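What follows is one structure encoded as structure tokens, with my remarks underneath.
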Amino acid sequence: MRRTILLGATLVALLSTPLAQAQTTEVGGVKYEQSAQMGNAKLLLNGAGVRYKAIFKVYTAGLYLGSKAATPEAVLAAPGPKRMHIVMLRDIDANELGKLFTRGMQDNAPREEFSKSIAGTLRLADLFSAKKKLTAGEYFFVDYVPGQGTTVLINGKASTEPIKEPEFFSALLKIWLGHSPADAQLKEALLGKGAPVRDPFAN
């Protein structure tokens, strides 16, 4: 009887191990949960990857949506809340990062969309300028909620009032998903075209 119980416990452990491992996706040594809660909305990890500059790893990024999307158009058109989760892999001048984000928005957003995003872009630049430095291991969320706007949370703390213009978040996403992305491989990863990302809500 005791042997049967031990065998049963071993079998359960073996069966549960892959499931436990599948609950996160690891990129650049950073683990991303397969789902995230934003208010009453449960979001899925659409994809995650590493931002490289030359041969150096700068940060990891994970994109969370209400349902999976495989193209930039589908991501931008997806209804409901969305989140970009970025974790720094090296120390970087926060002001310089803000400038890179602004340049990425200018390079990828249509002129009309970017013009409607200028107020939010200036607020984002001010936020990073005030932060001065982001160190390895620090993280921030860029959360978008329809009707409320975009909120930046550094290390889990809201750093700005919501930026109301919906065009701002679309322009920001195009830094990574636009026609001239910051990192082409990261773009593919965020669209779920790298290592497969498990859907925890699938039957």
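Each chain in the structure tokens gets a letter, A, B, ..., in the order shown, and its residues are numbered from 1; ligands are numbered from 1 in order too.
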
For Asn155 (chain A), find every residue with an atom within 9 Å (counting only C-alpha atoms), except residues of its own chain fewer than 2 positions away, and show them as an NGL selection string. :A and (138-141 or 153 or 157-158)

Output all heavy atoms of each residue in that selection to a file, as a compact mmCIF listing (two decimals), in the first residue's frame.
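Ended up saving to result-v3.txt:
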```txt
# COMPACT_ATOMS: atom_id res chain seq x y z
N GLU A 138 15.43 46.75 -12.77
CA GLU A 138 14.26 47.62 -12.66
C GLU A 138 13.31 47.35 -13.83
O GLU A 138 13.74 46.91 -14.90
CB GLU A 138 14.66 49.09 -12.63
CG GLU A 138 15.33 49.51 -11.33
CD GLU A 138 15.39 51.02 -11.18
OE1 GLU A 138 16.21 51.66 -11.87
OE2 GLU A 138 14.61 51.56 -10.38
N TYR A 139 12.04 47.64 -13.62
CA TYR A 139 11.06 47.34 -14.66
C TYR A 139 10.00 48.43 -14.71
O TYR A 139 9.86 49.23 -13.79
CB TYR A 139 10.39 45.98 -14.39
CG TYR A 139 9.52 45.96 -13.15
CD1 TYR A 139 8.14 46.20 -13.24
CD2 TYR A 139 10.05 45.71 -11.89
CE1 TYR A 139 7.34 46.19 -12.12
CE2 TYR A 139 9.25 45.70 -10.76
CZ TYR A 139 7.89 45.94 -10.88
OH TYR A 139 7.09 45.93 -9.76
N PHE A 140 9.29 48.45 -15.82
CA PHE A 140 8.13 49.33 -15.89
C PHE A 140 7.07 48.72 -16.78
O PHE A 140 7.34 47.94 -17.69
CB PHE A 140 8.51 50.75 -16.33
CG PHE A 140 9.17 50.88 -17.68
CD1 PHE A 140 8.42 51.12 -18.82
CD2 PHE A 140 10.54 50.81 -17.79
CE1 PHE A 140 9.03 51.26 -20.05
CE2 PHE A 140 11.17 50.96 -19.01
CZ PHE A 140 10.40 51.18 -20.16
N PHE A 141 5.83 49.06 -16.45
CA PHE A 141 4.66 48.70 -17.25
C PHE A 141 4.20 49.93 -18.01
O PHE A 141 4.24 51.05 -17.49
CB PHE A 141 3.48 48.24 -16.37
CG PHE A 141 3.73 47.02 -15.53
CD1 PHE A 141 3.23 46.95 -14.24
CD2 PHE A 141 4.45 45.95 -16.03
CE1 PHE A 141 3.43 45.83 -13.45
CE2 PHE A 141 4.67 44.81 -15.25
CZ PHE A 141 4.16 44.76 -13.96
N LEU A 153 3.98 52.75 -15.15
CA LEU A 153 4.25 52.36 -13.76
C LEU A 153 5.69 51.87 -13.68
O LEU A 153 6.05 50.87 -14.31
CB LEU A 153 3.30 51.25 -13.30
CG LEU A 153 1.80 51.56 -13.32
CD1 LEU A 153 1.17 51.05 -14.61
CD2 LEU A 153 1.12 50.91 -12.12
N LYS A 157 4.86 51.29 -9.46
CA LYS A 157 4.21 52.50 -8.96
C LYS A 157 3.86 53.44 -10.11
O LYS A 157 4.71 53.72 -10.97
CB LYS A 157 5.13 53.23 -7.98
CG LYS A 157 5.44 52.44 -6.72
CD LYS A 157 6.34 53.21 -5.78
CE LYS A 157 6.64 52.40 -4.51
NZ LYS A 157 7.55 53.14 -3.61
N ALA A 158 2.61 53.88 -10.14
CA ALA A 158 2.17 54.79 -11.20
C ALA A 158 2.98 56.08 -11.14
O ALA A 158 3.07 56.72 -10.10
CB ALA A 158 0.68 55.09 -11.06
```

Can you pull out every residue within 9 Å of region 27-38 of chain A, counting only C-alpha atoms, but drop anything in the same chain fewer than 3 positions away, and send it as an MDAnalysis selection string? chainID A and resid 22:24 41:46 48:50 57 59:62 64 81:83 85 87 89 137 143 145 197:200

Residue subset to file, keeping N, CA and C atoms, as a CSV table (one decimal), in the first residue's frame:
```csv
chain,number,residue,atom,x,y,z
A,22,ALA,N,5.6,25.5,-17.6
A,22,ALA,CA,4.9,26.1,-18.8
A,22,ALA,C,4.2,27.4,-18.3
A,23,GLN,N,4.1,27.7,-17.0
A,23,GLN,CA,3.4,28.8,-16.5
A,23,GLN,C,4.2,30.1,-16.8
A,24,THR,N,5.4,30.1,-17.1
A,24,THR,CA,6.2,31.2,-17.4
A,24,THR,C,7.0,31.1,-18.7
A,41,ALA,N,-9.7,42.8,-16.1
A,41,ALA,CA,-9.4,42.1,-17.3
A,41,ALA,C,-8.2,41.1,-17.1
A,42,LYS,N,-8.3,39.9,-17.6
A,42,LYS,CA,-7.2,39.0,-17.6
A,42,LYS,C,-6.6,39.0,-19.0
A,43,LEU,N,-5.3,39.3,-19.0
A,43,LEU,CA,-4.5,39.4,-20.3
A,43,LEU,C,-3.6,38.2,-20.4
A,44,LEU,N,-3.3,37.8,-21.7
A,44,LEU,CA,-2.4,36.7,-22.1
A,44,LEU,C,-1.1,37.3,-22.6
A,45,LEU,N,0.0,36.6,-22.3
A,45,LEU,CA,1.3,36.9,-22.8
A,45,LEU,C,1.2,36.6,-24.3
A,46,ASN,N,1.3,37.6,-25.1
A,46,ASN,CA,1.3,37.4,-26.6
A,46,ASN,C,2.7,37.0,-27.1
A,48,ALA,N,7.3,37.5,-25.9
A,48,ALA,CA,8.3,38.2,-25.2
A,48,ALA,C,9.7,38.0,-25.8
A,49,GLY,N,10.6,39.0,-25.7
A,49,GLY,CA,11.9,38.8,-26.3
A,49,GLY,C,12.9,39.8,-25.7
A,50,VAL,N,14.1,39.8,-26.2
A,50,VAL,CA,15.2,40.7,-25.8
A,50,VAL,C,15.4,41.8,-26.8
A,57,LYS,N,22.6,43.1,-24.6
A,57,LYS,CA,21.2,43.0,-24.2
A,57,LYS,C,20.9,44.2,-23.4
A,59,TYR,N,17.2,45.3,-22.7
A,59,TYR,CA,16.1,45.0,-21.9
A,59,TYR,C,15.3,43.9,-22.5
A,60,THR,N,14.4,43.3,-21.7
A,60,THR,CA,13.4,42.4,-22.2
A,60,THR,C,12.0,43.1,-22.3
A,61,ALA,N,11.2,42.6,-23.2
A,61,ALA,CA,9.9,43.2,-23.3
A,61,ALA,C,8.8,42.1,-23.5
A,62,GLY,N,7.7,42.2,-22.8
A,62,GLY,CA,6.6,41.3,-23.0
A,62,GLY,C,5.3,42.0,-23.3
A,64,TYR,N,1.2,42.0,-23.5
A,64,TYR,CA,0.0,41.3,-23.0
A,64,TYR,C,-1.2,41.9,-23.6
A,81,PRO,N,-7.9,46.2,-22.6
A,81,PRO,CA,-6.6,46.7,-22.1
A,81,PRO,C,-5.5,46.0,-22.7
A,82,LYS,N,-4.3,46.6,-22.7
A,82,LYS,CA,-3.1,46.1,-23.2
A,82,LYS,C,-1.9,46.5,-22.3
A,83,ARG,N,-0.9,45.7,-22.3
A,83,ARG,CA,0.3,46.1,-21.5
A,83,ARG,C,1.6,45.7,-22.2
A,85,HIS,N,5.4,45.2,-20.8
A,85,HIS,CA,6.2,45.0,-19.6
A,85,HIS,C,7.7,44.9,-19.9
A,87,VAL,N,11.7,45.0,-18.7
A,87,VAL,CA,12.7,44.8,-17.6
A,87,VAL,C,14.1,45.1,-18.1
A,89,LEU,N,18.0,45.0,-18.5
A,89,LEU,CA,19.1,44.0,-18.3
A,89,LEU,C,20.4,44.7,-18.1
A,137,GLY,N,17.5,45.1,-13.7
A,137,GLY,CA,16.5,44.6,-12.8
A,137,GLY,C,15.3,45.4,-12.5
A,143,ASP,N,0.6,50.6,-19.4
A,143,ASP,CA,-0.7,50.0,-19.4
A,143,ASP,C,-1.7,50.9,-20.1
A,145,VAL,N,-5.8,51.4,-21.0
A,145,VAL,CA,-7.2,51.0,-20.8
A,145,VAL,C,-8.1,51.9,-21.6
A,197,VAL,N,4.4,30.3,-27.0
A,197,VAL,CA,3.9,30.8,-25.7
A,197,VAL,C,2.6,30.0,-25.5
A,198,ARG,N,2.5,29.4,-24.3
A,198,ARG,CA,1.3,28.6,-24.0
A,198,ARG,C,0.2,29.5,-23.6
A,199,ASP,N,-1.0,29.1,-24.0
A,199,ASP,CA,-2.3,29.8,-23.6
A,199,ASP,C,-2.8,29.1,-22.4
A,200,PRO,N,-2.7,29.7,-21.2
A,200,PRO,CA,-3.2,29.0,-20.0
A,200,PRO,C,-4.7,28.9,-19.9
```

DSSP on the backbone, then: every residue of region 51-152 of chain A marked strand (DSSP E or B), written as a PyMOL selection string. chain A and resi 51-53+56-65+82-88+92-93+133-134+139-145+149-152

Nearby residues (only C-alpha atoms) at most 6 Å from region 118-132 of chain A, same-chain spacing under 6 positions excluded, as a list in words: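 The neighbour list is Ala94, Asn95, Gly98 and Ile163 of chain A.
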
Taking the DSSP secondary structure from the backbone, can you list the residues of region 7-96 of chain A that are helix (DSSP H, G or I), as a list of chain:residue names? A:Leu7, A:Gly8, A:Ala9, A:Thr10, A:Leu11, A:Val12, A:Ala13, A:Leu14, A:Leu15, A:Ser16, A:Thr17, A:Pro18, A:Leu19, A:Ala20, A:Gln21, A:Pro72, A:Glu73, A:Ala74, A:Val75, A:Leu76, A:Ala77, A:Ala94, A:Asn95, A:Glu96

Selected residues written out with N, CA and C atoms, as a CSV table (one decimal), in the first residue's frame:
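Written output follows (part_22.csv):
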```csv
chain,number,residue,atom,x,y,z
A,7,LEU,N,4.5,5.6,-5.5
A,7,LEU,CA,4.5,5.6,-6.9
A,7,LEU,C,3.5,6.6,-7.4
A,8,GLY,N,2.3,6.7,-6.8
A,8,GLY,CA,1.3,7.7,-7.2
A,8,GLY,C,1.8,9.1,-7.0
A,9,ALA,N,2.5,9.4,-5.9
A,9,ALA,CA,3.0,10.7,-5.7
A,9,ALA,C,4.1,11.1,-6.7
A,10,THR,N,5.0,10.1,-7.0
A,10,THR,CA,6.0,10.3,-8.0
A,10,THR,C,5.4,10.6,-9.4
A,11,LEU,N,4.3,9.9,-9.7
A,11,LEU,CA,3.7,10.1,-11.0
A,11,LEU,C,3.1,11.5,-11.1
A,12,VAL,N,2.4,11.9,-10.0
A,12,VAL,CA,1.8,13.3,-9.9
A,12,VAL,C,2.9,14.3,-10.1
A,13,ALA,N,4.1,14.1,-9.4
A,13,ALA,CA,5.2,15.1,-9.5
A,13,ALA,C,5.7,15.2,-10.9
A,14,LEU,N,5.8,14.1,-11.6
A,14,LEU,CA,6.4,14.0,-13.0
A,14,LEU,C,5.4,14.7,-13.9
A,15,LEU,N,4.1,14.5,-13.7
A,15,LEU,CA,3.1,15.1,-14.6
A,15,LEU,C,3.0,16.6,-14.4
A,16,SER,N,3.1,17.0,-13.1
A,16,SER,CA,2.9,18.4,-12.8
A,16,SER,C,4.1,19.3,-13.2
A,17,THR,N,5.3,18.7,-13.2
A,17,THR,CA,6.5,19.5,-13.5
A,17,THR,C,6.5,20.3,-14.8
A,18,PRO,N,6.1,19.7,-16.0
A,18,PRO,CA,6.1,20.4,-17.2
A,18,PRO,C,5.0,21.5,-17.2
A,19,LEU,N,3.9,21.3,-16.5
A,19,LEU,CA,2.8,22.3,-16.4
A,19,LEU,C,3.3,23.5,-15.6
A,20,ALA,N,4.0,23.2,-14.5
A,20,ALA,CA,4.6,24.3,-13.7
A,20,ALA,C,5.6,25.1,-14.5
A,21,GLN,N,6.4,24.4,-15.3
A,21,GLN,CA,7.4,25.1,-16.1
A,21,GLN,C,6.7,26.0,-17.2
A,72,PRO,N,1.1,43.1,-36.5
A,72,PRO,CA,1.0,44.4,-35.8
A,72,PRO,C,-0.4,45.0,-35.9
A,73,GLU,N,-1.1,44.8,-37.1
A,73,GLU,CA,-2.4,45.3,-37.3
A,73,GLU,C,-3.4,44.7,-36.3
A,74,ALA,N,-3.3,43.4,-36.1
A,74,ALA,CA,-4.2,42.7,-35.2
A,74,ALA,C,-4.0,43.2,-33.7
A,75,VAL,N,-2.7,43.4,-33.4
A,75,VAL,CA,-2.4,44.0,-32.0
A,75,VAL,C,-3.0,45.3,-31.8
A,76,LEU,N,-2.8,46.2,-32.8
A,76,LEU,CA,-3.3,47.6,-32.7
A,76,LEU,C,-4.8,47.6,-32.7
A,77,ALA,N,-5.4,46.7,-33.4
A,77,ALA,CA,-6.9,46.7,-33.5
A,77,ALA,C,-7.6,46.0,-32.3
A,94,ALA,N,18.2,57.1,-18.2
A,94,ALA,CA,16.8,57.1,-18.5
A,94,ALA,C,16.4,58.2,-19.4
A,95,ASN,N,17.1,59.3,-19.4
A,95,ASN,CA,16.8,60.4,-20.3
A,95,ASN,C,17.1,59.9,-21.8
A,96,GLU,N,18.2,59.2,-21.9
A,96,GLU,CA,18.6,58.7,-23.3
A,96,GLU,C,17.5,57.6,-23.8
```

So the first atom is CA of Thr151 (chain A) and the second is CA of Lys53 (chain A); what is the distance between them in Å, to one decimal place?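 Result for CA of Thr151 (chain A) versus CA of Lys53 (chain A): 26.3 Å, one decimal.
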
Rounded to one decimal place, report the CA of Ala182 (chain A)-CA of Glu161 (chain A) distance in Å.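 Here the two named atoms are 26.4 Å from each other.
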